[in-house]
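The structure appears below as structure tokens.
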Amino acid sequence: MRRILLALLLVSLFPLSAFAAPFLAWDAVTTGTDGLQLGAGLEVTAYKVYRCAPGPACTKLNGTLAGTIIAPVVQFDLAGTPTPSVYVVTAVNKVGESADSLAFKVVPPDFPKNLRLP
């Protein structure tokens, strides 16, 4: 399989609740690294999301498989996952698994510190 890079976008959901969990979202992979459309039968069938503890570079080789997402879905809910964590995503088709995406670090929100009653 051609090396495919994914552009990940970390999106936080805070419309109704300040405690909503974030999710990873990315653009569907439709082209190879050469910029050409993936040929018939080479379409992406799934995406794999790998999680690593913060530290050295996160890769699918040193990460833990956090989930497999069946295409055409292009998002992964991070509810209940440990933070801070680092994630990479790969695309899968009948030929195999792509190279890793860029790594994204997810950290818990920064809440006010040293709160006290007046």
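Each chain in the structure tokens gets a letter, A, B, ..., in the order shown, and its residues are numbered from 1; ligands are numbered from 1 in order too.
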
For A:Thr81, list every protein, DNA or RNA residue within 12 Å, evaluated using only C-alpha atoms, and leave out those in the same chain fewer than 4 positions away; present the list as a count of residues only. 19

Work out how far atom CA of A:Val29 is from atom CA of A:Ala103, in Å to one decimal. 16.7 Å
